[in-house]
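Dumped start.cif below, it's mmCIF, C-alpha atoms:
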```
data_structure
#
loop_
_atom_site.label_atom_id
_atom_site.label_comp_id
_atom_site.auth_asym_id
_atom_site.auth_seq_id
_atom_site.Cartn_x
_atom_site.Cartn_y
_atom_site.Cartn_z
CA MET A 1 27.36 28.06 -2.67
CA TYR A 2 23.91 26.65 -2.04
CA ASP A 3 20.72 28.50 -1.25
CA VAL A 4 19.77 25.92 1.39
CA ILE A 5 21.49 23.04 3.17
CA VAL A 6 19.18 20.55 4.88
CA VAL A 7 20.71 18.27 7.50
CA GLY A 8 18.66 15.07 7.68
CA ALA A 9 17.07 13.20 4.77
CA ARG A 10 14.06 11.44 6.21
CA CYS A 11 10.43 12.59 6.37
CA ALA A 12 10.97 16.20 7.41
CA GLY A 13 14.34 16.76 5.75
CA ALA A 14 13.78 15.16 2.35
CA THR A 15 10.37 16.85 2.12
CA THR A 16 11.67 20.32 3.01
CA ALA A 17 14.53 19.92 0.53
CA MET A 18 12.15 18.79 -2.20
CA LEU A 19 9.72 21.65 -1.67
CA LEU A 20 12.45 24.30 -1.75
CA ALA A 21 14.08 22.75 -4.83
CA ARG A 22 10.71 22.79 -6.58
CA ARG A 23 10.67 26.53 -5.96
CA GLY A 24 13.93 26.85 -7.87
CA TYR A 25 16.48 26.95 -5.05
CA ARG A 26 19.81 25.15 -5.12
CA VAL A 27 19.53 22.65 -2.25
CA LEU A 28 22.01 20.26 -0.65
CA CYS A 29 20.61 17.59 1.67
CA VAL A 30 22.99 15.51 3.81
CA ASP A 31 22.51 12.61 6.21
CA ARG A 32 24.91 10.61 8.34
CA ALA A 33 23.07 7.39 7.36
CA THR A 34 23.40 5.46 4.13
CA PHE A 35 20.04 4.41 2.73
CA PRO A 36 17.95 2.31 2.67
CA LYS A 37 18.06 2.23 6.46
CA ASP A 38 15.18 1.55 8.82
CA THR A 39 14.33 3.66 11.86
CA VAL A 40 12.04 3.32 14.88
CA SER A 41 8.63 4.63 13.87
CA THR A 42 4.89 4.28 14.39
CA HIS A 43 4.68 4.02 10.56
CA LEU A 44 1.26 5.73 10.68
CA LEU A 45 0.39 8.25 7.99
CA ARG A 46 -2.85 10.00 8.90
CA GLN A 47 -5.17 11.72 6.44
CA GLY A 48 -3.54 15.13 6.79
CA GLY A 49 -0.16 13.73 5.82
CA LEU A 50 -1.63 11.71 2.96
CA ALA A 51 -3.34 14.84 1.63
CA ARG A 52 0.02 16.54 1.39
CA LEU A 53 1.51 13.59 -0.45
CA ARG A 54 -1.41 13.86 -2.85
CA ASP A 55 -0.86 17.57 -3.35
CA TRP A 56 2.84 16.93 -4.03
CA GLY A 57 2.01 14.23 -6.59
CA LEU A 58 3.37 11.39 -4.44
CA LEU A 59 0.30 9.63 -3.02
CA ASP A 60 -0.22 7.39 -6.04
CA GLU A 61 3.45 6.42 -5.83
CA LEU A 62 2.96 5.37 -2.20
CA LYS A 63 -0.15 3.35 -3.07
CA ALA A 64 1.78 1.64 -5.86
CA THR A 65 4.26 0.25 -3.30
CA GLY A 66 1.58 -2.15 -2.05
CA CYS A 67 1.01 -0.77 1.43
CA THR A 68 -2.33 -2.00 2.81
CA PRO A 69 -4.90 0.78 3.38
CA VAL A 70 -6.74 0.99 6.70
CA HIS A 71 -10.45 1.86 6.75
CA THR A 72 -11.46 0.68 10.24
CA ILE A 73 -10.01 1.19 13.71
CA THR A 74 -11.03 -0.80 16.79
CA MET A 75 -10.30 0.84 20.12
CA SER A 76 -10.91 -0.29 23.67
CA TYR A 77 -10.29 1.20 27.10
CA ASP A 78 -11.06 -1.02 30.08
CA ASP A 79 -14.52 -2.45 29.33
CA ALA A 80 -15.43 0.03 26.59
CA MET A 81 -14.87 -1.10 22.98
CA PHE A 82 -15.92 0.47 19.69
CA SER A 83 -14.98 0.41 16.02
CA GLY A 84 -15.21 2.97 13.26
CA PHE A 85 -13.26 5.52 11.29
CA SER A 86 -13.09 9.22 10.65
CA ASP A 87 -15.07 10.82 7.87
CA PRO A 88 -12.79 12.06 5.04
CA ILE A 89 -10.18 14.62 6.09
CA ASP A 90 -8.87 16.81 3.26
CA GLY A 91 -10.59 14.40 0.87
CA ILE A 92 -8.70 11.33 2.15
CA GLU A 93 -10.77 8.33 3.24
CA GLU A 94 -8.09 5.94 4.56
CA ILE A 95 -4.77 5.82 6.36
CA TYR A 96 -1.58 3.86 5.69
CA ALA A 97 1.32 2.54 7.78
CA PRO A 98 4.23 2.31 5.32
CA ARG A 99 7.60 0.81 6.18
CA ARG A 100 10.07 3.64 6.63
CA ILE A 101 12.59 2.03 4.26
CA VAL A 102 9.88 2.47 1.60
CA LEU A 103 8.54 5.92 2.56
CA ASP A 104 11.94 7.53 3.13
CA ASN A 105 13.20 6.18 -0.21
CA LEU A 106 10.12 7.55 -1.99
CA LEU A 107 10.69 11.02 -0.50
CA GLN A 108 14.41 10.98 -1.28
CA ASP A 109 13.72 10.02 -4.89
CA ALA A 110 11.23 12.89 -5.14
CA ALA A 111 13.83 15.28 -3.72
CA ARG A 112 16.42 14.16 -6.28
CA ALA A 113 13.86 14.51 -9.06
CA ALA A 114 13.27 18.10 -7.93
CA GLY A 115 16.99 18.83 -8.25
CA VAL A 116 18.20 18.27 -4.69
CA GLU A 117 21.80 17.11 -4.31
CA LEU A 118 21.52 14.35 -1.70
CA ARG A 119 24.71 13.09 -0.03
CA GLN A 120 24.70 10.12 2.33
CA GLY A 121 27.23 9.20 4.98
CA ILE A 122 27.92 12.82 5.92
CA ALA A 123 28.30 13.50 9.65
CA VAL A 124 27.89 17.21 10.40
CA THR A 125 30.40 18.32 13.03
CA GLY A 126 30.14 22.11 12.98
CA LEU A 127 28.52 25.20 11.55
CA VAL A 128 30.19 27.91 9.50
CA ARG A 129 29.39 31.40 10.76
CA ASP A 130 29.77 34.98 9.67
CA GLY A 131 29.53 36.75 13.00
CA GLU A 132 26.26 35.52 14.55
CA THR A 133 24.83 34.29 11.24
CA VAL A 134 25.08 30.63 10.23
CA THR A 135 26.40 30.40 6.67
CA GLY A 136 27.14 26.70 6.20
CA ILE A 137 28.23 23.36 7.65
CA THR A 138 31.38 21.39 8.24
CA GLY A 139 31.51 17.62 8.50
CA ARG A 140 33.19 14.37 7.58
CA ASP A 141 32.29 11.93 4.83
CA GLU A 142 32.51 8.14 4.79
CA GLN A 143 36.19 8.30 3.85
CA ASP A 144 36.78 10.54 6.90
CA ARG A 145 37.50 13.52 4.68
CA THR A 146 36.59 16.99 5.92
CA ILE A 147 33.86 18.80 3.99
CA THR A 148 32.75 22.42 4.15
CA GLU A 149 29.69 23.74 2.36
CA HIS A 150 28.09 27.19 2.38
CA ALA A 151 24.46 28.28 2.10
CA ARG A 152 22.13 31.17 2.77
CA LEU A 153 20.07 28.99 5.10
CA VAL A 154 20.88 25.82 7.08
CA ILE A 155 17.93 23.68 8.18
CA GLY A 156 18.24 21.01 10.86
CA ALA A 157 15.92 18.08 10.19
CA ASP A 158 18.13 15.63 12.04
CA GLY A 159 15.79 14.27 14.68
CA ARG A 160 15.30 14.62 18.43
CA ALA A 161 19.04 14.64 19.18
CA SER A 162 19.63 17.21 16.43
CA THR A 163 23.26 18.18 15.88
CA VAL A 164 22.14 21.48 14.35
CA ALA A 165 20.07 22.23 17.46
CA GLN A 166 23.04 21.49 19.70
CA LEU A 167 25.42 23.60 17.63
CA THR A 168 23.05 26.58 17.60
CA GLY A 169 22.21 26.24 21.30
CA ALA A 170 18.49 25.98 20.52
CA GLU A 171 16.70 25.86 23.87
CA GLN A 172 13.78 23.59 24.72
CA TYR A 173 10.48 24.84 26.14
CA ASN A 174 7.07 23.41 27.10
CA VAL A 175 8.92 20.25 28.12
CA VAL A 176 6.79 17.33 29.39
CA PRO A 177 8.45 14.17 30.76
CA ALA A 178 7.97 10.91 28.86
CA HIS A 179 5.87 8.19 30.50
CA THR A 180 6.31 5.09 28.37
CA PHE A 181 8.45 2.81 26.23
CA THR A 182 7.43 0.80 23.19
CA CYS A 183 8.26 -2.58 21.71
CA TYR A 184 7.22 -3.76 18.25
CA SER A 185 7.90 -6.25 15.50
CA TYR A 186 6.34 -7.62 12.30
CA TRP A 187 4.11 -10.66 11.83
CA THR A 188 3.04 -12.58 8.75
CA GLY A 189 -0.15 -14.60 8.36
CA LEU A 190 -2.46 -12.13 10.12
CA GLN A 191 -5.55 -10.37 8.79
CA MET A 192 -5.93 -7.26 10.92
CA GLN A 193 -7.18 -3.74 10.53
CA SER A 194 -5.95 -1.07 12.94
CA GLN A 195 -6.21 -1.92 16.65
CA LEU A 196 -5.64 0.18 19.79
CA ARG A 197 -6.39 -1.45 23.16
CA ILE A 198 -5.69 0.09 26.59
CA ARG A 199 -6.05 -1.49 30.03
CA ASP A 200 -4.23 -1.21 33.36
CA ARG A 201 -1.79 1.43 32.10
CA GLN A 202 -0.52 -0.57 29.17
CA ALA A 203 -1.55 -0.61 25.53
CA VAL A 204 -1.28 -3.06 22.65
CA GLY A 205 -2.24 -2.85 19.02
CA GLY A 206 -1.22 -3.17 15.44
CA TRP A 207 -1.89 -2.30 11.82
CA PRO A 208 -1.04 -3.69 8.38
CA THR A 209 2.01 -2.42 6.53
CA HIS A 210 3.99 -3.55 3.47
CA ASP A 211 4.55 -7.04 2.05
CA GLY A 212 1.51 -8.55 3.72
CA LYS A 213 3.02 -7.94 7.16
CA THR A 214 1.35 -6.61 10.29
CA LEU A 215 3.10 -4.32 12.74
CA LEU A 216 2.28 -5.35 16.33
CA TRP A 217 3.29 -3.24 19.31
CA VAL A 218 3.18 -2.95 23.09
CA VAL A 219 3.40 0.26 25.13
CA GLN A 220 4.07 0.16 28.87
CA MET A 221 5.00 2.61 31.59
CA VAL A 222 8.69 3.39 31.77
CA ASP A 223 9.08 1.98 35.29
CA ARG A 224 8.58 -1.49 33.76
CA PHE A 225 11.30 -1.05 31.14
CA SER A 226 14.08 -2.99 32.88
CA GLU A 227 11.79 -5.87 33.80
CA PHE A 228 10.37 -6.03 30.27
CA ARG A 229 13.83 -6.40 28.74
CA THR A 230 14.60 -9.51 30.81
CA ASP A 231 12.17 -11.50 28.63
CA ILE A 232 11.09 -9.40 25.68
CA GLU A 233 9.16 -12.05 23.78
CA GLY A 234 7.44 -13.46 26.85
CA ASN A 235 6.47 -10.03 28.18
CA PHE A 236 5.28 -8.93 24.73
CA HIS A 237 2.80 -11.82 24.48
CA ARG A 238 1.84 -11.44 28.14
CA ALA A 239 0.87 -7.82 27.51
CA PHE A 240 -1.47 -8.89 24.69
CA LYS A 241 -3.10 -11.57 26.89
CA GLU A 242 -3.65 -9.12 29.75
CA THR A 243 -4.89 -6.23 27.63
CA ALA A 244 -6.75 -7.83 24.70
CA PRO A 245 -7.21 -11.62 24.93
CA ASP A 246 -9.00 -11.71 21.57
CA LEU A 247 -5.98 -10.11 19.88
CA ALA A 248 -3.63 -12.46 21.72
CA GLU A 249 -5.45 -15.41 20.11
CA LEU A 250 -5.16 -13.77 16.69
CA VAL A 251 -1.45 -13.09 17.17
CA GLY A 252 -0.98 -16.78 17.93
CA THR A 253 -2.18 -17.68 14.43
CA GLY A 254 0.63 -15.73 12.77
CA GLU A 255 4.41 -15.82 12.84
CA ARG A 256 6.93 -13.17 13.80
CA ASP A 257 9.60 -12.84 11.10
CA GLU A 258 11.71 -9.86 12.25
CA ARG A 259 13.48 -8.90 15.47
CA PHE A 260 11.87 -6.91 18.25
CA TYR A 261 12.50 -3.15 18.36
CA VAL A 262 12.48 -1.70 21.89
CA ALA A 263 12.79 2.01 22.60
CA ARG A 264 12.19 4.32 25.54
CA GLN A 265 10.34 7.46 24.58
CA PRO A 266 12.29 10.71 25.03
CA GLU A 267 10.66 13.70 26.67
CA ASN A 268 8.13 15.82 24.84
CA PHE A 269 9.39 19.27 23.90
CA TYR A 270 9.47 22.26 21.61
CA ARG A 271 12.75 23.90 20.61
CA VAL A 272 13.48 27.43 19.55
CA SER A 273 13.51 26.66 15.84
CA HIS A 274 14.93 29.69 14.08
CA GLY A 275 17.84 32.10 14.25
CA GLU A 276 20.18 34.03 12.01
CA GLY A 277 20.66 31.77 9.00
CA TRP A 278 19.17 28.59 10.49
CA ALA A 279 15.93 26.77 11.27
CA LEU A 280 14.74 23.44 12.68
CA VAL A 281 11.96 21.18 11.41
CA GLY A 282 10.51 17.77 12.28
CA ASP A 283 11.51 16.16 15.58
CA ALA A 284 14.51 18.46 15.74
CA GLY A 285 12.19 21.37 16.52
CA TYR A 286 9.07 19.78 17.99
CA HIS A 287 8.66 16.28 19.39
CA LYS A 288 5.73 14.59 21.10
CA ASP A 289 5.03 11.04 22.20
CA PRO A 290 4.21 8.76 19.24
CA PHE A 291 1.07 7.47 20.99
CA THR A 292 -1.28 9.46 18.72
CA GLY A 293 0.63 8.45 15.59
CA LEU A 294 0.88 11.97 14.15
CA GLY A 295 4.66 12.31 13.86
CA ILE A 296 5.02 11.74 10.12
CA SER A 297 1.96 13.81 9.24
CA ASP A 298 3.22 16.66 11.43
CA ALA A 299 6.65 16.42 9.78
CA PHE A 300 4.98 16.93 6.40
CA SER A 301 2.79 19.78 7.65
CA TYR A 302 5.60 21.79 9.19
CA ALA A 303 8.05 21.03 6.38
CA ASP A 304 5.43 22.56 4.08
CA LEU A 305 5.05 25.56 6.38
CA LEU A 306 8.81 26.07 6.73
CA ALA A 307 9.38 25.81 2.98
CA GLU A 308 6.74 28.49 2.39
CA ARG A 309 8.16 30.88 4.98
CA ALA A 310 11.77 30.22 3.91
CA HIS A 311 10.78 30.96 0.32
CA GLU A 312 9.35 34.32 1.42
CA GLY A 313 12.66 35.20 3.07
CA LEU A 314 15.01 33.79 0.43
CA SER A 315 13.08 35.45 -2.39
CA GLY A 316 13.35 38.87 -0.75
CA ALA A 317 9.62 39.23 -0.19
CA ARG A 318 10.33 39.83 3.51
CA PRO A 319 13.32 39.57 5.89
CA LEU A 320 14.37 35.94 6.32
CA THR A 321 14.59 36.15 10.11
CA GLU A 322 11.07 37.58 10.27
CA ALA A 323 9.71 34.82 8.03
CA LEU A 324 11.38 32.09 10.09
CA ALA A 325 10.04 33.56 13.33
CA GLU A 326 6.53 33.43 11.88
CA TYR A 327 7.10 29.77 10.93
CA GLN A 328 7.81 28.89 14.55
CA ALA A 329 4.88 30.93 15.85
CA GLN A 330 2.43 29.31 13.41
CA ARG A 331 3.75 25.83 14.16
CA ASP A 332 3.39 26.32 17.90
CA LYS A 333 -0.12 27.70 17.63
CA SER A 334 -1.46 24.99 15.33
CA SER A 335 0.16 22.11 17.26
CA LYS A 336 -0.66 23.27 20.77
CA GLY A 337 -3.94 21.41 21.25
CA MET A 338 -2.78 18.04 19.95
CA TYR A 339 0.52 18.37 21.83
CA ARG A 340 -1.40 18.72 25.10
CA PHE A 341 -3.79 15.88 24.21
CA THR A 342 -0.90 13.59 23.24
CA CYS A 343 1.06 14.26 26.41
CA GLU A 344 -2.00 13.48 28.52
CA SER A 345 -3.19 10.40 26.62
CA SER A 346 0.30 8.89 26.61
CA LYS A 347 -0.11 8.38 30.36
CA LEU A 348 -2.57 5.61 29.36
CA VAL A 349 -5.11 6.88 31.87
CA PHE A 350 -8.17 8.80 30.67
CA PRO A 351 -10.45 10.92 32.88
CA ASP A 352 -13.65 9.24 34.10
CA ASN A 353 -15.79 11.21 31.66
CA TYR A 354 -13.77 9.76 28.77
CA LEU A 355 -14.66 6.23 29.87
CA GLU A 356 -18.35 7.09 29.98
CA VAL A 357 -18.08 8.58 26.51
CA MET A 358 -16.31 5.50 25.17
CA ARG A 359 -18.97 3.21 26.63
CA ALA A 360 -21.64 5.25 24.85
CA LEU A 361 -19.95 5.50 21.43
CA PRO A 362 -21.18 2.15 19.99
CA ALA A 363 -24.72 3.57 20.10
CA SER A 364 -23.86 6.49 17.82
CA PRO A 365 -21.96 6.00 14.54
CA GLN A 366 -21.92 9.79 14.12
CA HIS A 367 -20.11 10.37 17.41
CA THR A 368 -17.80 7.42 16.80
CA GLN A 369 -16.83 9.07 13.52
CA GLN A 370 -16.22 12.33 15.36
CA TRP A 371 -14.06 10.55 17.94
CA PHE A 372 -11.77 9.06 15.30
CA ARG A 373 -11.62 12.39 13.50
CA MET A 374 -10.45 13.94 16.78
CA MET A 375 -7.82 11.19 17.21
CA ALA A 376 -6.59 11.89 13.68
CA GLY A 377 -6.13 15.59 14.41
CA GLY A 378 -9.04 16.70 12.25
CA LEU A 379 -11.33 17.85 15.08
CA ASN A 380 -10.53 19.93 18.13
CA GLY A 381 -11.26 18.09 21.38
CA ARG A 382 -13.10 21.12 22.70
CA ASP A 383 -15.58 20.78 19.84
CA PHE A 384 -16.21 17.12 20.60
CA PHE A 385 -16.67 17.59 24.33
CA THR A 386 -19.27 20.36 24.14
CA GLU A 387 -22.30 19.95 26.37
CA ASP A 388 -24.70 19.71 23.43
CA ASN A 389 -22.61 17.10 21.62
CA LEU A 390 -22.28 14.89 24.68
CA ARG A 391 -25.97 15.23 25.48
CA ALA A 392 -26.82 13.93 22.01
CA LEU A 393 -24.39 11.03 22.45
CA PHE A 394 -25.81 9.95 25.83
CA GLU A 395 -29.37 10.27 24.56
CA ALA A 396 -28.47 7.88 21.73
CA ALA A 397 -26.86 5.49 24.22
CA ALA A 398 -29.85 5.58 26.58
#
```

Go through the file and emit its structure as structure tokens.
Amino acid sequence: MYDVIVVGARCAGATTAMLLARRGYRVLCVDRATFPKDTVSTHLLRQGGLARLRDWGLLDELKATGCTPVHTITMSYDDAMFSGFSDPIDGIEEIYAPRRIVLDNLLQDAARAAGVELRQGIAVTGLVRDGETVTGITGRDEQDRTITEHARLVIGADGRASTVAQLTGAEQYNVVPAHTFTCYSYWTGLQMQSQLRIRDRQAVGGWPTHDGKTLLWVVQMVDRFSEFRTDIEGNFHRAFKETAPDLAELVGTGERDERFYVARQPENFYRVSHGEGWALVGDAGYHKDPFTGLGISDAFSYADLLAERAHEGLSGARPLTEALAEYQAQRDKSSKGMYRFTCESSKLVFPDNYLEVMRALPASPQHTQQWFRMMAGGLNGRDFFTEDNLRALFEAAA
């Protein structure tokens, strides 16, 4: 009998398991994959996520893996271009874009070190119930043997197509259709800080990652998906030439050394993320377009929040169902603004006033810093777009 079973062993799952094990609970974490195994990802770890790694004693371990830090971002939209970076958020002055085979392994090792029992190759097929309360899981291992395990709490951290969500009937809400697809790969021989360029409803960019490689990507509207796949490499380079000719020249000086990854974005949604004996975390409970690059950082934030609330319930400090309900309410409230901003910006069309702001930003390092802080989730958009703040920006640009 376990205190907690976590289904899913990547960013949200391994982290939640680790945090609960550090509080003294007996935790089983299972995943259908066998690791190391890559996954489609933006790779980006913003300051908020890095601050949590620091607080958990894992940031130095990430830095020791040799991932290149990013201190400058260049962004363009139509004819507006500017460069800069956020001021420190939670004491963190840079961002990283680690390979997932590295980051996931680091988190899994930390979970094991905390006492988590981590089993790979386990496909969950059902939930054990006592009346309406979930009390465990059933599944099959790599040898196709049936397994059954029991726990006081089952947590689904198994991604957008979560099996736990399906088995509990967790309903979606605040659903927003997806607008885009993405294609990316890795290049060697490039010297590039973070880039984000948008023009004519497509975007290109890139950032450094592990092993001296640079992740380069293209985002286009979903109605171009079929056409894009007829010539992935040609269309990839064509997008760079159309959107950012200077980057296209730079890309030509390097060499691609891995395959292309192409993925349509699923819809944006929240799910009901708690019930009798169960909860959801990470993309299983809340998913938004990766355009703003906050997925991993959000997974850490809400894994931290869920672990705290679950501890309150499991320890007897308050009813577990009440604590889990508060977890969902707090998550929804704190993520609401960036969810809305992400869903709108992923259309790759900004309102006219945004373009005027972007054209003015090069004249004001202070406002440029604020802009990138907003993009990183450290500043509410309403605070940036106040009348007084914009007046100061346009006076500087005049």

Check: Counting all atoms listed in the file, which of A:Leu247, A:Thr209, A:Arg160, A:Trp278 gets nearest to Glu132 (chain A)?
Finding: A:Trp278

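Ranking A:Asp109, A:Glu117, A:Asp257, A:Glu94 by their shortest atom-to-atom distance to Cys67 (chain A), with only C-alpha atoms included, puts A:Glu94 first.
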
Checklist line | Residue contacts of Asn380 (chain A) (12 Å, all atoms listed in the file) excluding same-chain residues fewer than 3 positions away, as a ChimeraX atom specification | finding: /A:334-341,370-377,383-386

Output for the residues just chosen: C-alpha atoms as a short mmCIF file (atom, residue, chain, number, x, y, z; two decimals), in the coordinates of the input:
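Listed below is the output, selection24.cif:
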```cif
data_model
loop_
_atom_site.label_atom_id
_atom_site.label_comp_id
_atom_site.auth_asym_id
_atom_site.auth_seq_id
_atom_site.Cartn_x
_atom_site.Cartn_y
_atom_site.Cartn_z
CA SER A 334 -1.46 24.99 15.33
CA SER A 335 0.16 22.11 17.26
CA LYS A 336 -0.66 23.27 20.77
CA GLY A 337 -3.94 21.41 21.25
CA MET A 338 -2.78 18.04 19.95
CA TYR A 339 0.52 18.37 21.83
CA ARG A 340 -1.40 18.72 25.10
CA PHE A 341 -3.79 15.88 24.21
CA GLN A 370 -16.22 12.33 15.36
CA TRP A 371 -14.06 10.55 17.94
CA PHE A 372 -11.77 9.06 15.30
CA ARG A 373 -11.62 12.39 13.50
CA MET A 374 -10.45 13.94 16.78
CA MET A 375 -7.82 11.19 17.21
CA ALA A 376 -6.59 11.89 13.68
CA GLY A 377 -6.13 15.59 14.41
CA ASP A 383 -15.58 20.78 19.84
CA PHE A 384 -16.21 17.12 20.60
CA PHE A 385 -16.67 17.59 24.33
CA THR A 386 -19.27 20.36 24.14
#
```

Notebook entry, point to check: Residues at most 7 Å from region 27-40 of chain A, counting all atoms listed in the file, excluding those fewer than 2 positions away in the same chain, as a VMD selection string?
Noted result: chain A and resid 2 to 9 17 21 25 100 to 101 105 116 to 123

Using C-alpha atoms, can you export the residues from the last selection as a PDB file, in the coordinates of the input?
```
ATOM      1  CA  TYR A   2      23.910  26.650  -2.040  1.00  0.00           C
ATOM      2  CA  ASP A   3      20.720  28.500  -1.250  1.00  0.00           C
ATOM      3  CA  VAL A   4      19.770  25.920   1.390  1.00  0.00           C
ATOM      4  CA  ILE A   5      21.490  23.040   3.170  1.00  0.00           C
ATOM      5  CA  VAL A   6      19.180  20.550   4.880  1.00  0.00           C
ATOM      6  CA  VAL A   7      20.710  18.270   7.500  1.00  0.00           C
ATOM      7  CA  GLY A   8      18.660  15.070   7.680  1.00  0.00           C
ATOM      8  CA  ALA A   9      17.070  13.200   4.770  1.00  0.00           C
ATOM      9  CA  ALA A  17      14.530  19.920   0.530  1.00  0.00           C
ATOM     10  CA  ALA A  21      14.080  22.750  -4.830  1.00  0.00           C
ATOM     11  CA  TYR A  25      16.480  26.950  -5.050  1.00  0.00           C
ATOM     12  CA  ARG A 100      10.070   3.640   6.630  1.00  0.00           C
ATOM     13  CA  ILE A 101      12.590   2.030   4.260  1.00  0.00           C
ATOM     14  CA  ASN A 105      13.200   6.180  -0.210  1.00  0.00           C
ATOM     15  CA  VAL A 116      18.200  18.270  -4.690  1.00  0.00           C
ATOM     16  CA  GLU A 117      21.800  17.110  -4.310  1.00  0.00           C
ATOM     17  CA  LEU A 118      21.520  14.350  -1.700  1.00  0.00           C
ATOM     18  CA  ARG A 119      24.710  13.090  -0.030  1.00  0.00           C
ATOM     19  CA  GLN A 120      24.700  10.120   2.330  1.00  0.00           C
ATOM     20  CA  GLY A 121      27.230   9.200   4.980  1.00  0.00           C
ATOM     21  CA  ILE A 122      27.920  12.820   5.920  1.00  0.00           C
ATOM     22  CA  ALA A 123      28.300  13.500   9.650  1.00  0.00           C
TER      23      ALA A 123
END
```

Applying the PyMOL selection byres ((chain A and resi 182) around 9) to the file I just gave you, which residues come out? Please list them as a PDB file with C-alpha atoms, in the frame of the given file.
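Result written to part-v8.pdb:
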```pdb
ATOM      1  CA  THR A 180       6.310   5.090  28.370  1.00  0.00           C
ATOM      2  CA  PHE A 181       8.450   2.810  26.230  1.00  0.00           C
ATOM      3  CA  CYS A 183       8.260  -2.580  21.710  1.00  0.00           C
ATOM      4  CA  TYR A 184       7.220  -3.760  18.250  1.00  0.00           C
ATOM      5  CA  TRP A 217       3.290  -3.240  19.310  1.00  0.00           C
ATOM      6  CA  VAL A 218       3.180  -2.950  23.090  1.00  0.00           C
ATOM      7  CA  VAL A 219       3.400   0.260  25.130  1.00  0.00           C
ATOM      8  CA  GLN A 220       4.070   0.160  28.870  1.00  0.00           C
ATOM      9  CA  MET A 221       5.000   2.610  31.590  1.00  0.00           C
ATOM     10  CA  TYR A 261      12.500  -3.150  18.360  1.00  0.00           C
ATOM     11  CA  VAL A 262      12.480  -1.700  21.890  1.00  0.00           C
ATOM     12  CA  ALA A 263      12.790   2.010  22.600  1.00  0.00           C
ATOM     13  CA  ARG A 264      12.190   4.320  25.540  1.00  0.00           C
ATOM     14  CA  GLN A 265      10.340   7.460  24.580  1.00  0.00           C
TER      15      GLN A 265
END
```

Next item on the list: Run the PyMOL selection byres ((chain A and resi 240) around 10) on the file and write out the hits as a ChimeraX atom specification.
Entry: /A:197,202-205,216-218,235-239,241-249,251

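CA of Glu171 (chain A) is positioned 26.0 Å from CA of Leu20 (chain A).
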
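By all atoms listed in the file, and with residues fewer than 6 positions from Glu276 (chain A) along its chain excluded, the set lying at most 10 Å from it is Arg129, Asp130, Gly131, Glu132, Thr133, Val134, Thr135, Arg152, Leu153, Val154, Thr168, Leu320, Thr321, Glu322 and Leu324 of chain A.
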
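With all atoms listed in the file as the basis for measurement, A:Phe394 is the residue among A:Tyr286, A:Phe225, A:Tyr327, A:Phe394 that approaches Ala360 (chain A) most closely.
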
Quick one: contact table of region 69-126 of chain A to region 292-298 of chain A, 12 Å max, nearest atom pair and distance in Å to one decimal per residue, counting only C-alpha atoms, chain and number order, as JSON lines?
```
{"residue": "A:Ile95", "atom": "CA", "partner": "A:Ser297", "partner_atom": "CA", "distance": 10.8}
{"residue": "A:Tyr96", "atom": "CA", "partner": "A:Gly293", "partner_atom": "CA", "distance": 11.1}
{"residue": "A:Ala97", "atom": "CA", "partner": "A:Gly293", "partner_atom": "CA", "distance": 9.8}
{"residue": "A:Pro98", "atom": "CA", "partner": "A:Ile296", "partner_atom": "CA", "distance": 10.6}
{"residue": "A:Arg99", "atom": "CA", "partner": "A:Ile296", "partner_atom": "CA", "distance": 11.9}
{"residue": "A:Arg100", "atom": "CA", "partner": "A:Ile296", "partner_atom": "CA", "distance": 10.2}
{"residue": "A:Leu103", "atom": "CA", "partner": "A:Ile296", "partner_atom": "CA", "distance": 10.2}
{"residue": "A:Asp104", "atom": "CA", "partner": "A:Ile296", "partner_atom": "CA", "distance": 10.7}
```

Notebook entry, point to check: If you apply the PyMOL selection byres ((chain A and resi 348) around 10) to this file, what residues do you get, as a VMD selection string?
Noted result: chain A and resid 77 179 to 180 198 to 203 219 to 221 291 343 to 347 349 to 350

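Atom to atom, CA of Phe260 (chain A) and CA of Leu62 (chain A) stand 25.5 Å apart.
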
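With CA of Thr146 (chain A) on one side and CA of Leu314 (chain A) on the other, the separation reads 27.9 Å.
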
Next item on the list: Anything within 8 Å of (15.8, 19.5, -9.2): list those residues as a PyMOL selection string, counting all atoms listed in the file and sticking to the file's coordinates.
Entry: chain A and resi 18+21-22+24+111-116

Just C-alpha atoms for this one: save the residues we selected as a PDB file, in the frame of the given file.
```pdb
ATOM      1  CA  MET A  18      12.150  18.790  -2.200  1.00  0.00           C
ATOM      2  CA  ALA A  21      14.080  22.750  -4.830  1.00  0.00           C
ATOM      3  CA  ARG A  22      10.710  22.790  -6.580  1.00  0.00           C
ATOM      4  CA  GLY A  24      13.930  26.850  -7.870  1.00  0.00           C
ATOM      5  CA  ALA A 111      13.830  15.280  -3.720  1.00  0.00           C
ATOM      6  CA  ARG A 112      16.420  14.160  -6.280  1.00  0.00           C
ATOM      7  CA  ALA A 113      13.860  14.510  -9.060  1.00  0.00           C
ATOM      8  CA  ALA A 114      13.270  18.100  -7.930  1.00  0.00           C
ATOM      9  CA  GLY A 115      16.990  18.830  -8.250  1.00  0.00           C
ATOM     10  CA  VAL A 116      18.200  18.270  -4.690  1.00  0.00           C
TER      11      VAL A 116
END
```
